[in-house]
Amino acid sequence: MKQTDRPIGIFDSGIGGLSVLRHIREQLPDENLRYFADSGFAPYGEKPEEVVIRRSMEIAHCLFTYNCKALVVACNTATAAAVHLLREKYPDIPIVGIEPGLKPAAAITKSKTVGVLATERTLQSSKFRKLHQQLSEQTGVNFVMQACPGLADLVEKNELHTTRTTELVRRYTLPLLEQNADTIVLGCTHYPFLQKTIENTLLESAAQPVQIIDTGVAVTRQLIRLLDVHHIRQMNATAQSGVHALTTGNAVLLADQFEQLLHIRPDVADMTREMITIASPSPHRI
Ligand code: DGL
């Protein structure tokens with residue numbers, strides 16, 4: 001197989017990474033993309049760090065058995081916990097992670113207050129705490145952190161516009177507005193799928209216009225840069241171009257979610273058996 005034909009592996013705790021994959025597909029339509037949704041073990045954000053590390057290492061290992069030429073950790077929680085370990089283990093492979101967009105937010109806030117929505121695990125991670133401290137010192141911006149337990153799980157359950165979701169979005173965003181945030185960072189890849197619900201809450205309640213920051217586009221830009229540095233970008237459509245998926249959840253459900261969110265229906269391999277040994281499935285397993 002030519003280097004350029006090899007797949008790009010992408011993973012998330014579940015379907016959140018599809019908010020990154022949609023940008024990658026748009027910018028790199030000829031690539032062979034292999035998406036791993038660990039939906040049987042989502043959410044990561046409420047699990048101990050060791051579990052997130054173990055899952056991330058095992059999923060990367062699984063993706064590399066498909067001969068992936070690059071890896072995208074399309075999950076802020078897994079990036080914070082494991083991207084340095086993945087880079088250590090696979091030093092020759094380009095690995096792109098995602099982190100909450102504090103820097104772009106600091107560049108545009110006028111009120112000098114930025115709200116950050118993310119998982120508990122991301123906010124507690126030393127990687128994020130370092131980023132936070134560095135940017136607070138450099139910019140003088142006040143970053144108001146808001147952990148959002150339950151929110152990624154509602155996205156996993158396709159509850160994008162239900163009353164439960166609207167109530168949770170209000171509970172997490174209103175305190176940010178009360179503290180004068182004019183910019184909100186979506187620090188979890190599940191949240192861009194709630195952008196409409198978040199925008200509606202802001203329209204109802206914000207006294208000033210509020211900007212929303214999603215780093216999916218920046219991740220894609222970085223991926224393209226690394227593919228070019230390594231001369232492995234696929235520029236032509238081939239028989240392998242397109243999306244192939246794997247899941248530790250329900251394969252038909254994942255195909256449905258792809259269809260609903262991205263309007264494509266890829267083949268989905270059920271990885272339940274292969275990946276079951278690593279940690280007990282979450283009680284939310286679907
Ligand atoms: N989508 C993930 C993130 O970006 C994690 C959500 C979860 O599993 O808790 O952080």
# chains A, B, ... in the order shown; residues from 1 in each chain; ligands from 1
>>> select_by_dssp(residues="range 84-200 of chain A", states="strand (DSSP E)", output="ChimeraX atom specification")
/A:95-96,113-118,142-147,183-186
>>> write_last_selection(atoms="all heavy atoms", output="short mmCIF file (atom, residue, chain, number, x, y, z; two decimals), in the first residue's frame")
data_model
loop_
_atom_site.label_atom_id
_atom_site.label_comp_id
_atom_site.auth_asym_id
_atom_site.auth_seq_id
_atom_site.Cartn_x
_atom_site.Cartn_y
_atom_site.Cartn_z
N ILE A 95 0.85 12.77 15.45
CA ILE A 95 -0.32 12.64 16.34
C ILE A 95 -0.83 14.04 16.68
O ILE A 95 -0.08 14.89 17.16
CB ILE A 95 0.06 11.88 17.63
CG1 ILE A 95 0.51 10.45 17.27
CG2 ILE A 95 -1.11 11.86 18.62
CD1 ILE A 95 0.92 9.59 18.45
N VAL A 96 -2.10 14.27 16.40
CA VAL A 96 -2.71 15.59 16.66
C VAL A 96 -3.73 15.43 17.78
O VAL A 96 -4.58 14.54 17.73
CB VAL A 96 -3.43 16.12 15.39
CG1 VAL A 96 -3.99 17.51 15.64
CG2 VAL A 96 -2.49 16.14 14.20
N THR A 113 -13.28 38.28 29.92
CA THR A 113 -13.77 37.12 30.68
C THR A 113 -14.23 36.06 29.69
O THR A 113 -15.04 36.35 28.79
CB THR A 113 -14.95 37.52 31.61
OG1 THR A 113 -14.51 38.62 32.40
CG2 THR A 113 -15.37 36.38 32.50
N VAL A 114 -13.71 34.86 29.84
CA VAL A 114 -14.01 33.76 28.93
C VAL A 114 -14.56 32.59 29.74
O VAL A 114 -13.97 32.21 30.75
CB VAL A 114 -12.71 33.32 28.19
CG1 VAL A 114 -12.90 32.01 27.47
CG2 VAL A 114 -12.24 34.42 27.22
N GLY A 115 -15.65 32.02 29.29
CA GLY A 115 -16.21 30.83 29.95
C GLY A 115 -15.69 29.59 29.25
O GLY A 115 -15.57 29.56 28.02
N VAL A 116 -15.35 28.57 30.02
CA VAL A 116 -14.82 27.33 29.43
C VAL A 116 -15.71 26.16 29.85
O VAL A 116 -15.79 25.83 31.03
CB VAL A 116 -13.37 27.06 29.89
CG1 VAL A 116 -12.81 25.82 29.22
CG2 VAL A 116 -12.47 28.27 29.61
N LEU A 117 -16.38 25.56 28.86
CA LEU A 117 -17.19 24.37 29.13
C LEU A 117 -16.35 23.15 28.77
O LEU A 117 -15.85 23.05 27.65
CB LEU A 117 -18.45 24.37 28.26
CG LEU A 117 -19.39 25.57 28.39
CD1 LEU A 117 -20.53 25.48 27.36
CD2 LEU A 117 -19.98 25.64 29.81
N ALA A 118 -16.16 22.24 29.72
CA ALA A 118 -15.33 21.05 29.45
C ALA A 118 -15.71 19.96 30.44
O ALA A 118 -16.54 20.18 31.34
CB ALA A 118 -13.85 21.39 29.59
N ASN A 142 -9.67 36.55 32.47
CA ASN A 142 -10.23 35.72 33.52
C ASN A 142 -10.97 34.55 32.86
O ASN A 142 -11.96 34.76 32.17
CB ASN A 142 -11.18 36.59 34.37
CG ASN A 142 -11.92 35.78 35.41
OD1 ASN A 142 -11.43 34.75 35.86
ND2 ASN A 142 -13.11 36.25 35.78
N PHE A 143 -10.47 33.34 33.04
CA PHE A 143 -11.13 32.16 32.47
C PHE A 143 -12.01 31.54 33.56
O PHE A 143 -11.51 31.15 34.61
CB PHE A 143 -10.09 31.13 32.00
CG PHE A 143 -9.26 31.61 30.84
CD1 PHE A 143 -8.00 32.15 31.06
CD2 PHE A 143 -9.75 31.55 29.54
CE1 PHE A 143 -7.23 32.61 29.99
CE2 PHE A 143 -8.98 32.00 28.48
CZ PHE A 143 -7.72 32.53 28.69
N VAL A 144 -13.30 31.46 33.28
CA VAL A 144 -14.22 30.87 34.25
C VAL A 144 -14.52 29.44 33.82
O VAL A 144 -15.06 29.21 32.74
CB VAL A 144 -15.55 31.68 34.32
CG1 VAL A 144 -16.43 31.15 35.42
CG2 VAL A 144 -15.26 33.16 34.50
N MET A 145 -14.12 28.49 34.66
CA MET A 145 -14.26 27.08 34.30
C MET A 145 -15.62 26.53 34.68
O MET A 145 -16.10 26.80 35.78
CB MET A 145 -13.24 26.22 35.07
CG MET A 145 -11.85 26.69 34.97
SD MET A 145 -11.41 26.84 33.27
CE MET A 145 -10.04 27.90 33.46
N GLN A 146 -16.20 25.75 33.79
CA GLN A 146 -17.46 25.10 34.13
C GLN A 146 -17.41 23.64 33.68
O GLN A 146 -17.42 23.35 32.48
CB GLN A 146 -18.62 25.83 33.43
CG GLN A 146 -19.97 25.21 33.67
CD GLN A 146 -20.40 25.25 35.13
OE1 GLN A 146 -20.53 26.32 35.72
NE2 GLN A 146 -20.62 24.08 35.73
N ALA A 147 -17.33 22.73 34.64
CA ALA A 147 -17.41 21.30 34.32
C ALA A 147 -18.87 20.99 33.97
O ALA A 147 -19.79 21.60 34.52
CB ALA A 147 -16.97 20.47 35.51
N THR A 183 -17.29 35.34 25.69
CA THR A 183 -16.75 34.32 24.80
C THR A 183 -16.85 32.99 25.54
O THR A 183 -16.51 32.92 26.72
CB THR A 183 -15.26 34.62 24.47
OG1 THR A 183 -15.18 35.98 24.02
CG2 THR A 183 -14.71 33.69 23.41
N ILE A 184 -17.34 31.96 24.82
CA ILE A 184 -17.48 30.65 25.47
C ILE A 184 -16.73 29.61 24.65
O ILE A 184 -16.93 29.49 23.43
CB ILE A 184 -18.96 30.27 25.66
CG1 ILE A 184 -19.56 31.21 26.72
CG2 ILE A 184 -19.11 28.81 26.07
CD1 ILE A 184 -20.98 30.93 27.09
N VAL A 185 -15.86 28.89 25.34
CA VAL A 185 -15.05 27.86 24.68
C VAL A 185 -15.75 26.51 24.82
O VAL A 185 -16.10 26.11 25.94
CB VAL A 185 -13.65 27.78 25.36
CG1 VAL A 185 -12.86 26.60 24.84
CG2 VAL A 185 -12.89 29.08 25.15
N LEU A 186 -15.93 25.82 23.69
CA LEU A 186 -16.47 24.46 23.74
C LEU A 186 -15.29 23.52 23.92
O LEU A 186 -14.61 23.16 22.95
CB LEU A 186 -17.25 24.14 22.46
CG LEU A 186 -18.40 25.11 22.12
CD1 LEU A 186 -19.15 24.64 20.88
CD2 LEU A 186 -19.36 25.27 23.30
#
>>> residues_near_ligand(ligand="ligand 1", cutoff="7 Å", atoms="only C-alpha atoms and all ligand atoms", output="PyMOL selection string")
chain A and resi 12-14+16-17+42-46+74-78+118-119+122+152+187-190
>>> residues_around(residues="Ile24 in chain A", least_positions_apart="5", cutoff="12 Å", atoms="only C-alpha atoms", output="PyMOL selection string")
chain A and resi 8-10+17-19+29-35+72+74+216-224+242-243+262
>>> residues_around(residues="range 48-53 of chain A", least_positions_apart="4", cutoff="9 Å", atoms="only C-alpha atoms", output="list of chain:residue names")
A:Ser13, A:Tyr44, A:Met57, A:Glu58, A:Thr77, A:Ala78, A:Ala81, A:Ala82, A:Val83, A:Leu85, A:Arg121, A:Ser125, A:Ile278, A:Ala279
>>> write_last_selection(atoms="C-alpha atoms", output="mmCIF file, in the first residue's frame")
data_model
loop_
_atom_site.group_PDB
_atom_site.id
_atom_site.type_symbol
_atom_site.label_atom_id
_atom_site.label_comp_id
_atom_site.auth_asym_id
_atom_site.auth_seq_id
_atom_site.Cartn_x
_atom_site.Cartn_y
_atom_site.Cartn_z
ATOM 1 C CA SER A 13 -14.973 8.436 23.806
ATOM 2 C CA TYR A 44 -14.551 9.594 29.709
ATOM 3 C CA MET A 57 -3.504 3.441 24.488
ATOM 4 C CA GLU A 58 -5.583 0.402 23.556
ATOM 5 C CA THR A 77 -10.274 14.487 27.800
ATOM 6 C CA ALA A 78 -8.143 11.778 26.145
ATOM 7 C CA ALA A 81 -4.633 12.448 29.803
ATOM 8 C CA ALA A 82 -2.713 10.572 27.132
ATOM 9 C CA VAL A 83 -1.417 12.497 24.113
ATOM 10 C CA LEU A 85 2.188 9.040 26.221
ATOM 11 C CA ARG A 121 -11.360 15.273 33.837
ATOM 12 C CA SER A 125 -5.697 17.595 34.162
ATOM 13 C CA ILE A 278 -9.710 -3.074 29.366
ATOM 14 C CA ALA A 279 -12.163 -1.545 31.824
#
>>> atom_distance(atom1="CA of Thr166 in chain A", atom2="CA of Glu204 in chain A")
12.0 Å
>>> residues_around(residues="Ala269 in chain A", least_positions_apart="2", cutoff="12 Å", atoms="only C-alpha atoms", output="NGL selection string")
:A and (34-38 or 243-255 or 266-267 or 271-274)
>>> write_last_selection(atoms="N, CA and C atoms", output="mmCIF file, in the first residue's frame")
data_model
loop_
_atom_site.group_PDB
_atom_site.id
_atom_site.type_symbol
_atom_site.label_atom_id
_atom_site.label_comp_id
_atom_site.auth_asym_id
_atom_site.auth_seq_id
_atom_site.Cartn_x
_atom_site.Cartn_y
_atom_site.Cartn_z
ATOM 1 N N ARG A 34 -10.414 6.406 9.464
ATOM 2 C CA ARG A 34 -10.900 5.293 10.291
ATOM 3 C C ARG A 34 -11.249 5.840 11.671
ATOM 4 N N TYR A 35 -12.541 5.910 11.957
ATOM 5 C CA TYR A 35 -13.023 6.552 13.189
ATOM 6 C C TYR A 35 -13.384 5.507 14.244
ATOM 7 N N PHE A 36 -12.806 5.643 15.438
ATOM 8 C CA PHE A 36 -13.112 4.730 16.538
ATOM 9 C C PHE A 36 -13.941 5.463 17.591
ATOM 10 N N ALA A 37 -15.178 5.001 17.811
ATOM 11 C CA ALA A 37 -16.051 5.580 18.846
ATOM 12 C C ALA A 37 -16.086 4.609 20.016
ATOM 13 N N ASP A 38 -15.595 5.060 21.162
ATOM 14 C CA ASP A 38 -15.572 4.166 22.334
ATOM 15 C C ASP A 38 -16.869 4.313 23.131
ATOM 16 N N VAL A 243 -14.951 7.210 4.874
ATOM 17 C CA VAL A 243 -14.954 6.942 6.309
ATOM 18 C C VAL A 243 -15.319 5.489 6.598
ATOM 19 N N HIS A 244 -14.554 4.881 7.496
ATOM 20 C CA HIS A 244 -14.860 3.546 8.000
ATOM 21 C C HIS A 244 -14.879 3.681 9.515
ATOM 22 N N ALA A 245 -15.813 3.027 10.180
ATOM 23 C CA ALA A 245 -15.928 3.256 11.622
ATOM 24 C C ALA A 245 -15.823 1.964 12.419
ATOM 25 N N LEU A 246 -15.447 2.141 13.683
ATOM 26 C CA LEU A 246 -15.380 1.025 14.635
ATOM 27 C C LEU A 246 -16.020 1.516 15.924
ATOM 28 N N THR A 247 -16.658 0.614 16.659
ATOM 29 C CA THR A 247 -17.269 1.058 17.912
ATOM 30 C C THR A 247 -17.278 -0.033 18.966
ATOM 31 N N THR A 248 -17.239 0.393 20.244
ATOM 32 C CA THR A 248 -17.460 -0.545 21.336
ATOM 33 C C THR A 248 -18.906 -0.415 21.824
ATOM 34 N N GLY A 249 -19.693 0.385 21.121
ATOM 35 C CA GLY A 249 -21.113 0.520 21.443
ATOM 36 C C GLY A 249 -21.925 -0.275 20.432
ATOM 37 N N ASN A 250 -23.071 0.279 20.082
ATOM 38 C CA ASN A 250 -23.974 -0.394 19.151
ATOM 39 C C ASN A 250 -23.660 0.075 17.720
ATOM 40 N N ALA A 251 -23.285 -0.879 16.852
ATOM 41 C CA ALA A 251 -22.819 -0.522 15.502
ATOM 42 C C ALA A 251 -23.920 0.133 14.662
ATOM 43 N N VAL A 252 -25.146 -0.367 14.768
ATOM 44 C CA VAL A 252 -26.236 0.210 13.966
ATOM 45 C C VAL A 252 -26.533 1.628 14.462
ATOM 46 N N LEU A 253 -26.484 1.779 15.789
ATOM 47 C CA LEU A 253 -26.732 3.111 16.359
ATOM 48 C C LEU A 253 -25.669 4.100 15.869
ATOM 49 N N LEU A 254 -24.409 3.673 15.826
ATOM 50 C CA LEU A 254 -23.357 4.592 15.361
ATOM 51 C C LEU A 254 -23.581 4.968 13.892
ATOM 52 N N ALA A 255 -23.963 3.986 13.068
ATOM 53 C CA ALA A 255 -24.242 4.300 11.653
ATOM 54 C C ALA A 255 -25.389 5.318 11.574
ATOM 55 N N PRO A 266 -21.320 5.194 7.026
ATOM 56 C CA PRO A 266 -20.160 4.329 6.776
ATOM 57 C C PRO A 266 -20.399 2.909 7.266
ATOM 58 N N ASP A 267 -19.525 1.976 6.835
ATOM 59 C CA ASP A 267 -19.560 0.648 7.444
ATOM 60 C C ASP A 267 -19.036 0.784 8.870
ATOM 61 N N MET A 271 -16.501 -3.622 17.791
ATOM 62 C CA MET A 271 -15.243 -3.973 18.463
ATOM 63 C C MET A 271 -15.487 -4.425 19.905
ATOM 64 N N THR A 272 -16.736 -4.707 20.239
ATOM 65 C CA THR A 272 -17.080 -5.026 21.632
ATOM 66 C C THR A 272 -16.195 -6.140 22.184
ATOM 67 N N ARG A 273 -16.068 -7.227 21.427
ATOM 68 C CA ARG A 273 -15.299 -8.384 21.920
ATOM 69 C C ARG A 273 -13.828 -8.044 22.093
ATOM 70 N N GLU A 274 -13.239 -7.405 21.075
ATOM 71 C CA GLU A 274 -11.798 -7.130 21.077
ATOM 72 C C GLU A 274 -11.408 -6.200 22.219
#
>>> select_by_dssp(residues="range 5-236 of chain A", states="helix (DSSP H, G or I)", output="PyMOL selection string")
chain A and resi 5+18-27+39-41+49-64+76-89+102-108+120-124+126-139+151-156+163-178+191-205+216-229
>>> atom_distance(atom1="CA of Leu177 in chain A", atom2="CA of Gly97 in chain A")
28.7 Å
>>> atom_distance(atom1="CA of Pro104 in chain A", atom2="CA of Glu88 in chain A")
27.6 Å
>>> closest_residue(among="A:Ala80, A:Ile98, A:Ile15, A:Val73", to="Asp214 in chain A", atoms="only C-alpha atoms")
A:Ile98
>>> residues_around(residues="range 197-199 of chain A", least_positions_apart="4", cutoff="7 Å", atoms="only C-alpha atoms", output="list in words")
His161, Thr166, Val169 and Leu203 of chain A
